[in-house]
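This is work39.txt (compact mmCIF, C-alpha atoms).
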# COMPACT_ATOMS: atom_id res chain seq x y z
CA MET A 1 0.00 0.00 0.00
CA ASP A 2 2.76 2.40 0.98
CA THR A 3 4.54 1.37 -2.17
CA LEU A 4 1.59 2.42 -4.31
CA ARG A 5 1.36 5.69 -2.42
CA ALA A 6 5.03 6.28 -3.14
CA VAL A 7 4.43 5.49 -6.82
CA ALA A 8 1.61 8.04 -6.80
CA ARG A 9 4.12 10.60 -5.52
CA GLY A 10 6.31 9.82 -8.50
CA ASP A 11 8.83 7.55 -6.80
CA GLU A 12 10.51 5.46 -9.48
CA GLN A 13 12.17 3.14 -7.00
CA ALA A 14 8.75 2.25 -5.61
CA LEU A 15 7.60 1.29 -9.10
CA ALA A 16 10.71 -0.85 -9.50
CA ALA A 17 9.93 -2.54 -6.17
CA LEU A 18 6.38 -3.27 -7.32
CA TYR A 19 7.75 -4.73 -10.54
CA ASP A 20 10.19 -6.94 -8.65
CA ARG A 21 7.47 -8.19 -6.39
CA TYR A 22 4.68 -8.86 -8.87
CA ARG A 23 6.32 -9.42 -12.27
CA LEU A 24 6.30 -13.23 -12.12
CA ILE A 25 2.65 -13.63 -11.26
CA LEU A 26 1.49 -10.82 -13.58
CA PHE A 27 3.61 -12.00 -16.49
CA GLY A 28 2.44 -15.59 -15.96
CA LEU A 29 -1.15 -14.41 -16.08
CA ILE A 30 -0.70 -12.26 -19.18
CA LEU A 31 1.24 -14.96 -21.00
CA ARG A 32 -1.46 -17.51 -20.16
CA ILE A 33 -4.02 -15.20 -21.76
CA LEU A 34 -2.02 -14.14 -24.83
CA HIS A 35 0.19 -17.20 -25.53
CA SER A 36 2.84 -14.93 -27.02
CA GLN A 37 6.01 -13.88 -25.29
CA PRO A 38 6.53 -10.55 -27.15
CA GLU A 39 2.86 -9.56 -26.85
CA ALA A 40 2.84 -10.46 -23.17
CA GLU A 41 5.96 -8.39 -22.50
CA ASP A 42 4.43 -5.47 -24.33
CA VAL A 43 1.28 -5.70 -22.20
CA LEU A 44 3.25 -6.05 -18.96
CA GLN A 45 5.06 -2.85 -19.87
CA GLU A 46 1.74 -1.13 -20.56
CA VAL A 47 0.43 -2.31 -17.21
CA PHE A 48 3.30 -0.81 -15.25
CA ILE A 49 3.04 2.44 -17.18
CA GLN A 50 -0.65 2.48 -16.26
CA VAL A 51 0.27 1.82 -12.64
CA TRP A 52 2.62 4.78 -12.80
CA ARG A 53 -0.07 7.05 -14.19
CA ARG A 54 -2.95 5.82 -12.09
CA ALA A 55 -1.44 4.92 -8.72
CA ALA A 56 -3.23 7.95 -7.26
CA ASP A 57 -6.57 6.41 -8.25
CA PHE A 58 -5.91 3.33 -6.15
CA ASP A 59 -8.28 3.39 -3.19
CA GLU A 60 -6.79 1.45 -0.30
CA THR A 61 -10.05 1.45 1.63
CA ARG A 62 -11.66 -0.61 -1.09
CA GLY A 63 -9.17 -3.29 -1.96
CA ARG A 64 -5.63 -4.59 -1.93
CA PRO A 65 -2.86 -3.61 -4.30
CA PHE A 66 -2.60 -7.19 -5.54
CA THR A 67 -6.26 -7.20 -6.57
CA TRP A 68 -5.86 -3.86 -8.29
CA LEU A 69 -2.74 -4.94 -10.18
CA VAL A 70 -4.17 -8.28 -11.27
CA THR A 71 -7.43 -6.68 -12.36
CA LEU A 72 -5.51 -4.12 -14.41
CA ALA A 73 -3.19 -6.72 -15.95
CA ARG A 74 -6.00 -9.06 -16.83
CA SER A 75 -8.13 -6.42 -18.44
CA ARG A 76 -5.22 -5.06 -20.52
CA ALA A 77 -4.32 -8.59 -21.63
CA ILE A 78 -7.89 -9.36 -22.63
CA ASP A 79 -8.19 -6.07 -24.52
CA ARG A 80 -5.05 -7.04 -26.40
CA LEU A 81 -6.34 -10.55 -27.01
CA ARG A 82 -9.50 -9.15 -28.56
CA SER A 83 -7.67 -6.65 -30.76
CA THR A 84 -5.09 -9.15 -32.01
CA SER A 85 -7.55 -11.90 -32.77
CA ALA A 86 -9.47 -9.42 -34.90
CA ARG A 87 -6.31 -8.46 -36.77
CA ALA A 88 -5.13 -10.36 -39.80
CA ARG A 89 -2.09 -12.49 -39.11
CA THR A 90 -0.28 -12.75 -42.40
CA VAL A 91 3.39 -12.19 -41.97
CA ASP A 92 4.51 -12.89 -38.46
CA GLU A 93 2.67 -16.10 -37.71
CA ALA A 94 6.04 -17.63 -36.94
CA ALA A 95 6.85 -14.99 -34.36
CA ARG A 96 3.68 -15.76 -32.48
CA ALA A 97 4.44 -19.39 -31.82
CA VAL A 98 4.95 -19.72 -28.08
CA PRO A 99 8.09 -21.50 -27.12
CA GLU A 100 6.24 -23.83 -24.73
CA SER A 101 9.22 -26.11 -24.35
CA ILE A 102 11.57 -23.61 -22.73
CA SER A 103 9.03 -22.71 -20.14
CA ASP A 104 8.29 -26.12 -18.67
CA ALA A 105 11.41 -26.21 -16.54
CA ALA A 106 10.92 -22.62 -15.43
CA GLU A 107 7.31 -23.37 -14.63
CA ASP A 108 8.27 -26.19 -12.29
CA ALA A 109 10.77 -23.96 -10.58
CA VAL A 110 8.25 -21.27 -9.79
CA ARG A 111 5.33 -23.56 -9.07
CA SER A 112 4.36 -21.77 -5.92
CA GLU A 113 2.53 -22.63 -2.77
CA GLN A 114 -0.19 -20.15 -3.65
CA GLY A 115 -0.53 -21.86 -7.02
CA GLU A 116 -1.12 -25.13 -5.27
CA ILE A 117 -3.88 -23.63 -3.10
CA ILE A 118 -5.71 -22.28 -6.14
CA ARG A 119 -5.22 -25.39 -8.24
CA ARG A 120 -6.58 -27.52 -5.42
CA ALA A 121 -9.58 -25.24 -4.97
CA LEU A 122 -10.25 -25.37 -8.71
CA ALA A 123 -9.93 -29.14 -8.75
CA GLU A 124 -12.73 -29.32 -6.18
CA LEU A 125 -15.16 -27.69 -8.62
CA PRO A 126 -17.20 -29.89 -10.95
CA GLU A 127 -15.97 -29.59 -14.55
CA GLU A 128 -19.21 -27.96 -15.71
CA GLN A 129 -18.58 -25.09 -13.27
CA ARG A 130 -14.82 -24.87 -13.72
CA ARG A 131 -15.04 -24.55 -17.50
CA PRO A 132 -17.14 -21.36 -17.72
CA LEU A 133 -15.03 -19.83 -14.96
CA LEU A 134 -11.77 -20.44 -16.82
CA LEU A 135 -13.24 -19.41 -20.18
CA ALA A 136 -14.21 -16.08 -18.65
CA TYR A 137 -10.98 -15.62 -16.76
CA PHE A 138 -8.33 -16.60 -19.29
CA GLU A 139 -10.13 -16.09 -22.59
CA GLY A 140 -12.15 -13.05 -21.62
CA LEU A 141 -15.46 -14.50 -22.83
CA THR A 142 -18.72 -12.98 -21.63
CA GLN A 143 -21.51 -15.15 -20.29
CA THR A 144 -23.32 -14.96 -23.62
CA GLU A 145 -20.19 -16.00 -25.50
CA ILE A 146 -19.64 -18.89 -23.12
CA ALA A 147 -23.21 -20.04 -23.66
CA GLU A 148 -22.61 -19.99 -27.42
CA ARG A 149 -19.21 -21.67 -27.21
CA THR A 150 -20.36 -24.48 -24.94
CA GLY A 151 -23.89 -24.87 -26.28
CA THR A 152 -25.34 -24.26 -22.83
CA PRO A 153 -28.40 -22.09 -22.09
CA LEU A 154 -27.40 -18.63 -20.87
CA GLY A 155 -29.28 -19.03 -17.59
CA THR A 156 -27.36 -22.21 -16.83
CA VAL A 157 -24.04 -20.52 -17.59
CA LYS A 158 -24.91 -17.70 -15.20
CA THR A 159 -25.87 -20.09 -12.40
CA ARG A 160 -22.78 -22.25 -12.86
CA MET A 161 -20.45 -19.30 -12.96
CA ARG A 162 -21.92 -17.89 -9.79
CA SER A 163 -21.80 -21.26 -8.01
CA ALA A 164 -18.19 -21.72 -9.11
CA LEU A 165 -17.14 -18.36 -7.71
CA MET A 166 -19.09 -18.86 -4.50
CA LYS A 167 -17.45 -22.22 -3.90
CA LEU A 168 -14.08 -20.79 -4.69
CA ARG A 169 -14.65 -17.94 -2.27
CA GLU A 170 -15.70 -20.38 0.45
CA GLN A 171 -12.79 -22.70 -0.23
CA LEU A 172 -10.24 -19.93 -0.16
CA GLY A 173 -11.95 -18.30 2.81
CA GLY A 174 -9.35 -17.30 5.34
CA ARG A 175 -6.49 -18.28 3.05
CA LEU A 176 -7.39 -15.48 0.66
CA LYS A 177 -5.38 -13.09 2.78
CA GLU A 178 -2.21 -15.16 2.29
CA LEU A 179 -2.79 -15.12 -1.43
CA LEU A 180 -3.28 -11.43 -1.97
CA MET B 1 -24.38 -10.32 -11.21
CA LEU B 2 -21.64 -8.85 -9.03
CA ALA B 3 -19.68 -12.09 -9.28
CA ALA B 4 -19.93 -12.02 -13.07
CA ARG B 5 -18.98 -8.35 -13.06
CA ALA B 6 -15.84 -9.16 -11.11
CA LEU B 7 -14.97 -11.62 -13.89
CA ASP B 8 -15.77 -8.99 -16.55
CA ALA B 9 -18.18 -11.50 -18.03
CA LEU B 10 -21.24 -9.26 -18.30
CA GLU B 11 -22.60 -7.98 -21.58
CA ARG B 12 -21.98 -4.30 -22.16
CA ALA B 13 -25.57 -3.23 -21.44
CA GLU B 14 -25.69 -5.21 -18.20
CA ALA B 15 -22.37 -3.80 -17.10
CA ARG B 16 -23.57 -0.27 -17.77
CA GLU B 17 -26.74 -0.78 -15.72
CA LEU B 18 -24.75 -2.22 -12.88
CA ALA B 19 -22.30 0.67 -12.98
CA GLU B 20 -25.18 3.09 -12.47
CA HIS B 21 -26.36 1.16 -9.47
CA LEU B 22 -22.86 0.88 -8.03
CA ALA B 23 -22.38 4.64 -8.19
CA ALA B 24 -25.22 4.95 -5.66
CA CYS B 25 -24.77 1.81 -3.54
CA ASP B 26 -21.68 1.50 -1.34
CA GLU B 27 -22.76 -1.90 -0.05
CA CYS B 28 -22.70 -3.43 -3.51
CA GLY B 29 -19.41 -1.66 -4.16
CA ALA B 30 -17.82 -3.39 -1.20
CA GLU B 31 -19.34 -6.71 -2.24
CA LEU B 32 -17.95 -6.31 -5.75
CA GLU B 33 -14.52 -5.64 -4.27
CA ALA B 34 -14.75 -8.91 -2.30
CA TRP B 35 -15.57 -10.82 -5.48
CA ARG B 36 -12.69 -9.08 -7.23
CA ALA B 37 -10.30 -10.35 -4.56
CA THR B 38 -11.48 -13.94 -5.15
CA VAL B 39 -11.18 -13.49 -8.89
CA ALA B 40 -7.71 -11.94 -8.56
CA ALA B 41 -6.51 -15.00 -6.65
CA LEU B 42 -7.23 -17.03 -9.81
CA ALA B 43 -4.13 -15.42 -11.31
CA TYR B 44 -2.17 -18.06 -9.39
CA ALA B 45 -3.80 -20.72 -11.54
CA ALA B 46 -1.45 -19.56 -14.30
CA PRO B 47 2.15 -20.65 -13.79
CA ALA B 48 4.38 -17.74 -12.77
CA ARG B 49 6.81 -16.80 -15.54
CA GLU B 50 9.90 -14.66 -15.85
CA PRO B 51 9.68 -11.84 -18.43
CA ALA B 52 12.71 -10.72 -20.47
CA ALA B 53 15.50 -9.43 -18.24
CA ASP B 54 15.61 -5.99 -19.84
CA LEU B 55 11.89 -5.29 -19.43
CA ARG B 56 12.41 -3.72 -16.02
CA SER B 57 14.82 -1.11 -17.34
CA ARG B 58 12.59 -0.50 -20.37
CA ILE B 59 9.66 0.26 -18.10
CA LEU B 60 11.65 2.55 -15.84
CA LYS B 61 13.02 4.37 -18.86
CA SER B 62 9.62 5.08 -20.36
CA VAL B 63 8.24 6.08 -16.99
CA ARG B 64 11.08 8.52 -16.44
CA ALA B 65 9.94 10.32 -19.57
CA GLU B 66 6.45 10.88 -18.19
CA ALA B 67 5.34 14.05 -16.48
CA VAL B 68 3.96 13.81 -12.95
CA GLY B 69 0.43 15.07 -13.41
CA GLU B 70 -1.56 13.10 -10.86
CA LYS B 71 -0.72 15.07 -7.76
CA ARG B 72 -3.30 17.74 -8.23
CA THR B 73 -6.22 15.34 -7.74
CA ALA B 74 -4.76 14.13 -4.46
CA LYS B 75 -4.75 17.71 -3.14
CA VAL B 76 -8.39 18.24 -4.07
CA VAL B 77 -9.38 15.18 -2.04
CA LEU B 78 -7.59 16.36 1.07
CA LEU B 79 -9.13 19.80 0.91
CA ALA B 80 -12.65 18.44 0.63
CA LYS B 81 -12.20 16.08 3.56
CA ARG B 82 -11.07 18.93 5.79
CA GLN B 83 -14.11 20.93 4.78
CA ARG B 84 -16.42 18.12 5.78
CA ALA B 85 -14.81 17.86 9.19
CA ARG B 86 -15.34 21.57 9.79
CA TRP B 87 -19.04 21.21 9.06
CA SER B 88 -19.44 18.52 11.71
CA THR B 89 -17.83 20.61 14.48
CA GLY B 90 -20.07 23.49 13.45
CA MET B 91 -23.12 21.32 14.01
CA LYS B 92 -22.24 20.55 17.60
CA VAL B 93 -22.17 24.20 18.71
CA GLY B 94 -24.87 25.63 16.49
CA ALA B 95 -28.51 26.32 17.38
CA LEU B 96 -31.18 23.78 16.42
CA ALA B 97 -32.29 25.55 13.27
CA ALA B 98 -28.76 26.13 12.18
CA SER B 99 -28.02 22.48 12.86
CA ILE B 100 -30.83 21.33 10.65
CA ALA B 101 -29.66 23.61 7.88
CA LEU B 102 -26.14 22.37 8.37
CA ILE B 103 -27.22 18.75 8.29
CA ALA B 104 -29.03 19.38 5.06
CA MET B 105 -26.03 21.16 3.63
CA ALA B 106 -23.65 18.49 4.80
CA ALA B 107 -25.88 15.80 3.29
CA ALA B 108 -26.04 17.72 0.04
CA LEU B 109 -22.30 18.14 0.13
CA VAL B 110 -21.81 14.40 0.64
CA ILE B 111 -24.15 13.59 -2.22
CA VAL B 112 -22.53 16.11 -4.53
CA TRP B 113 -19.12 14.94 -3.42
CA ASN B 114 -19.92 11.27 -4.12
CA ARG B 115 -21.34 12.19 -7.47
CA TYR B 116 -18.28 14.29 -8.26
CA ASN B 117 -16.01 11.46 -7.23
CA SER B 118 -17.70 8.89 -9.39
CA LEU B 119 -17.79 11.29 -12.33
CA ARG B 120 -14.13 12.04 -11.83
CA GLN B 121 -13.35 8.34 -11.81
CA ASP B 122 -15.43 7.76 -14.92
CA PHE B 123 -13.73 10.66 -16.60
CA ALA B 124 -10.25 9.48 -15.67
CA GLN B 125 -11.12 6.03 -16.92
CA MET B 126 -12.56 7.33 -20.15
CA SER B 127 -9.71 9.66 -20.93
CA GLY B 128 -7.27 6.87 -20.15
CA ARG B 129 -9.10 4.60 -22.53
CA TRP B 130 -9.29 7.29 -25.18
CA GLU B 131 -5.53 7.84 -25.00
CA LEU B 132 -4.89 4.13 -25.24
CA ALA B 133 -7.33 3.74 -28.09
CA GLN B 134 -5.64 6.56 -30.01
CA GLY B 135 -2.24 4.98 -29.53
CA GLU B 136 -3.56 1.60 -30.53
CA LEU B 137 -5.23 2.97 -33.63
CA LYS B 138 -2.01 4.62 -34.75
CA ARG B 139 -0.03 1.45 -34.15
CA GLU B 140 -2.62 -0.62 -36.01
CA ARG B 141 -2.55 1.75 -38.95
CA GLU B 142 1.23 1.68 -39.17
CA GLU B 143 1.22 -2.06 -38.83
CA LEU B 144 -1.38 -2.38 -41.57
CA ALA B 145 0.70 -0.25 -43.94
CA ARG B 146 3.75 -2.40 -43.23
CA ARG B 147 1.77 -5.58 -43.75
CA GLN B 148 0.42 -4.33 -47.04
CA GLU B 149 3.87 -3.48 -48.30
CA ALA B 150 5.19 -6.85 -47.19
CA LEU B 151 2.30 -8.64 -48.82
CA GLU B 152 2.75 -6.77 -52.10
CA LEU B 153 6.40 -7.67 -52.15
CA MET B 154 5.78 -11.32 -51.29
CA THR B 155 3.16 -11.76 -53.98
CA SER B 156 5.11 -9.97 -56.71
CA PRO B 157 5.97 -12.20 -59.71
CA GLY B 158 9.73 -12.08 -59.10
CA ALA B 159 9.52 -12.66 -55.34
CA GLN B 160 12.23 -14.76 -53.83
CA VAL B 161 11.84 -15.73 -50.17
CA THR B 162 14.77 -16.95 -48.10
CA ALA B 163 14.38 -18.24 -44.57
CA LEU B 164 17.07 -17.06 -42.17
CA ALA B 165 18.05 -19.14 -39.17
CA GLY B 166 19.79 -17.99 -36.00
CA THR B 167 23.42 -19.03 -35.58
CA ASP B 168 24.87 -20.43 -32.35
CA LEU B 169 25.05 -16.87 -31.05
CA ALA B 170 21.27 -16.47 -31.26
CA THR B 171 19.62 -19.86 -31.47
CA ARG B 172 16.14 -18.44 -30.90
CA ALA B 173 16.49 -15.86 -33.66
CA HIS B 174 14.92 -16.40 -37.05
CA GLY B 175 13.78 -14.35 -39.98
CA LYS B 176 12.92 -13.99 -43.64
CA PHE B 177 14.51 -12.10 -46.45
CA VAL B 178 12.26 -11.34 -49.40
CA TYR B 179 13.30 -9.63 -52.58
CA ASP B 180 11.88 -9.02 -55.99
CA ARG B 181 14.35 -10.19 -58.66
CA ASN B 182 12.88 -7.76 -61.17
CA THR B 183 12.83 -4.53 -59.18
CA GLY B 184 15.32 -5.20 -56.39
CA ARG B 185 12.76 -4.22 -53.79
CA ALA B 186 13.63 -6.16 -50.64
CA MET B 187 12.58 -6.60 -47.08
CA LEU B 188 14.08 -8.24 -44.04
CA MET B 189 11.99 -9.51 -41.16
CA ALA B 190 13.84 -10.69 -38.11
CA TYR B 191 12.52 -12.06 -34.82
CA ASP B 192 13.99 -12.75 -31.41
CA LEU B 193 17.36 -11.17 -32.03
CA PRO B 194 19.13 -10.14 -28.81
CA PRO B 195 19.32 -6.35 -28.35
CA ALA B 196 22.46 -4.91 -29.97
CA PRO B 197 24.89 -3.50 -27.38
CA ASP B 198 25.51 0.28 -27.29
CA GLY B 199 27.41 1.49 -30.32
CA LYS B 200 26.56 -1.64 -32.29
CA ALA B 201 23.86 -2.52 -34.77
CA TYR B 202 22.93 -5.34 -37.08
CA GLN B 203 23.92 -5.22 -40.73
CA LEU B 204 22.63 -7.23 -43.66
CA TRP B 205 24.99 -8.81 -46.22
CA PHE B 206 24.45 -10.22 -49.71
CA ILE B 207 26.84 -12.93 -50.72
CA ALA B 208 27.18 -14.15 -54.31
CA GLU B 209 29.43 -17.06 -55.13
CA GLY B 210 33.07 -16.15 -55.66
CA LYS B 211 32.58 -12.51 -54.63
CA PRO B 212 33.19 -10.62 -51.41
CA PRO B 213 30.03 -9.97 -49.33
CA MET B 214 28.12 -6.85 -50.41
CA PRO B 215 26.97 -4.56 -47.58
CA GLY B 216 23.27 -3.97 -46.96
CA ARG B 217 21.64 -1.56 -44.56
CA VAL B 218 22.13 -1.33 -40.82
CA PHE B 219 19.19 -1.89 -38.48
CA ASN B 220 18.15 -2.31 -34.87
CA THR B 221 15.53 -4.47 -33.21
CA ASP B 222 12.53 -3.23 -31.26
CA SER B 223 11.92 -4.04 -27.61
CA ALA B 224 10.59 -7.49 -28.52
CA GLY B 225 13.68 -8.39 -30.55
CA ARG B 226 11.86 -7.83 -33.82
CA ALA B 227 12.98 -5.87 -36.84
CA GLU B 228 11.48 -5.07 -40.18
CA MET B 229 13.69 -3.35 -42.69
CA HIS B 230 13.10 -2.28 -46.26
CA GLU B 231 15.97 -2.34 -48.66
CA GLN B 232 16.71 -1.68 -52.30
CA LEU B 233 18.94 -4.39 -53.69
CA PRO B 234 21.66 -3.15 -56.08
CA VAL B 235 21.68 -4.98 -59.43
CA GLU B 236 24.94 -6.79 -58.68
CA ALA B 237 23.48 -8.10 -55.41
CA ARG B 238 20.49 -9.73 -57.10
CA ALA B 239 22.62 -12.74 -57.99
CA ALA B 240 23.35 -13.33 -54.30
CA SER B 241 22.37 -16.73 -52.98
CA VAL B 242 23.40 -16.31 -49.37
CA PHE B 243 22.15 -13.67 -46.92
CA ALA B 244 23.62 -12.98 -43.55
CA VAL B 245 23.16 -10.60 -40.63
CA THR B 246 26.19 -9.63 -38.54
CA LEU B 247 26.74 -7.40 -35.54
CA GLU B 248 28.77 -4.33 -36.56
CA PRO B 249 29.63 -0.81 -35.39
CA SER B 250 26.38 1.16 -35.51
CA GLY B 251 27.41 3.21 -38.55
CA GLY B 252 27.81 0.08 -40.65
CA VAL B 253 30.94 -1.16 -42.42
CA ALA B 254 31.95 -1.93 -46.02
CA ALA B 255 33.16 -5.46 -45.28
CA PRO B 256 31.89 -7.66 -42.43
CA THR B 257 33.94 -7.58 -39.22
CA GLY B 258 31.50 -8.95 -36.63
CA ALA B 259 29.97 -12.32 -35.86
CA LYS B 260 27.03 -13.74 -37.85
CA TYR B 261 23.65 -13.83 -36.10
CA LEU B 262 21.35 -14.86 -38.94
CA LEU B 263 22.11 -16.88 -42.03
CA GLY B 264 20.16 -18.30 -44.95
CA SER B 265 20.65 -19.38 -48.56
CA THR B 266 18.33 -19.62 -51.55
CA SER B 267 19.14 -23.23 -52.46
Any chance you could put this one into structure tokens?
Amino acid sequence: MDTLRAVARGDEQALAALYDRYRLILFGLILRILHSQPEAEDVLQEVFIQVWRRAADFDETRGRPFTWLVTLARSRAIDRLRSTSARARTVDEAARAVPESISDAAEDAVRSEQGEIIRRALAELPEEQRRPLLLAYFEGLTQTEIAERTGTPLGTVKTRMRSALMKLREQLGGRLKELL
Amino acid sequence: MLAARALDALERAEARELAEHLAACDECGAELEAWRATVAALAYAAPAREPAADLRSRILKSVRAEAVGEKRTAKVVLLAKRQRARWSTGMKVGALAASIALIAMAAALVIVWNRYNSLRQDFAQMSGRWELAQGELKREREELARRQEALELMTSPGAQVTALAGTDLATRAHGKFVYDRNTGRAMLMAYDLPPAPDGKAYQLWFIAEGKPPMPGRVFNTDSAGRAEMHEQLPVEARAASVFAVTLEPSGGVAAPTGAKYLLGSTS
């Protein structure tokens, strides 16, 4: 919190500290959404520039810095996802291919305790609830789009999504504080 | 609905309606924030990854160039809070009638203040989006122009495309060199090249059998290690069958001195 306040005052070192602390989780999230290393790096840069410009807007009485940063990163990544999928991909198809292989080892190394908590909580959800949740979270689909994609009535999608989040919230319960 | 809003999964019209309600209802605002925290925790479901090592310095560099314009809003907030506090002490000492008037005024002030705050937030959000959209539009337009040029070149009757592979110095690097045998119009696309050190740049070479390498233009990569360079091939270089990219002094040289980073032949 103090770090964000310092960023709002124009303290570059505070921004660097935020970057050091959150880059792995934010970059992992953005990369998972965009599947492209260069695009994801571009978006991560945008996110921290946004943080620099908007740190004063952060309202500490309403939420935690982690929530704010993740919300910002996710929404920038999904905006990018939507604009790139609409764009023709003629020339640099090759550049987009994600080097999945190099990341496996790195992934194991940074497989964190928090990751385990979330993965376990997700594993507890029935597949029919987990799927719409992940489609919304990582692919940025709206409820209507999920209904179309999965051939499920919209009302059912809404109910399942809500149940999924409620269960997740219950499961995480007190542990949420450790995560954020 | 709040849960879906926290996931950004509402349709635009629904989201707009909800936003109107949220502006007036603090309780729902707090509830939304709680859902957002749950949703944010989902970020851990993605494996943490390390971005490129130079990204940190790139960010700090671009931030250094920005003006500090946000401080004024912070001052406005402080001033208004102090004003509100003064009203409440006034109420304690005032006569009944004055108190009632003060309560009404204070209430009005709170309402106006909340309204102002939410408008200010909306405005900040909108102008932020507008700025981003402008930047994006410009980038898209430039990209489109580049694509069109590349496409024209690639589909021209004399087009010759050579794939370039990274050498041991840059195993991830790759690229394409396209040229039109009839007009000499050429283009180099390179990906995942490491950033050239200060004072150095990449240079393209055309190599025809039995002749010394002919120098091409000098170029640099963008922050993602990409480069796109247009070139006009001299007539004598159109017989070249091998293309290479080396690291040279940034002004370029007449004969290659540095190590090869990309290499490809037309065979």
Taking only C-alpha atoms into account, what are the residues of chain A at most 6 Å from chain B, put as a PyMOL selection string?
-> chain A and resi 24-25+27-29+38+45+67+70+107+115+118-119+142-143+169
Compile the contact shell of range 163-166 of chain A as a VMD selection string: residues with an atom at most 7 Å away, counting all atoms listed in the file, same-chain residues fewer than 5 positions apart removed.
-> (chain A and resid 125 129 to 130 133) or (chain B and resid 3)
Minimum-distance residue to Ala23 in chain B, chosen among B:Ala53, B:Ala104, B:Ile111, B:Val218 (using only C-alpha atoms) |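 Checking each candidate against Ala23 in chain B, we get B:Ile111 as the closest.
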In Å, how far is it from CA of Gly264 in chain B to CA of Asn182 in chain B?
->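 Rounded to one decimal, the two atoms are 20.7 Å apart.
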Two-atom distance - CA of Ser265 in chain B, CA of Thr162 in chain B (Å) = 6.4 Å
Gap from CA of Asp222 in chain B to CA of Arg21 in chain A - Å, one decimal =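 Separation between CA of Asp222 in chain B and CA of Arg21 in chain A: 25.9 Å.
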For Leu34 in chain A: contacts at 9 Å, only C-alpha atoms, fewer than 5 positions along chain excluded, given as a list in words =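 With the cut-off at 9 Å, the set is Leu29, Glu39, Ala40, Ala77, Ile78, Arg80, Leu81, Phe138 and Glu139 of chain A.
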Have a look at B:Ala239, B:Ala19, B:Ala145, B:Val112 and name the one nearest to Thr266 in chain B; count only C-alpha atoms.
->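 Among the listed residues, B:Ala239 lies closest to Thr266 in chain B.
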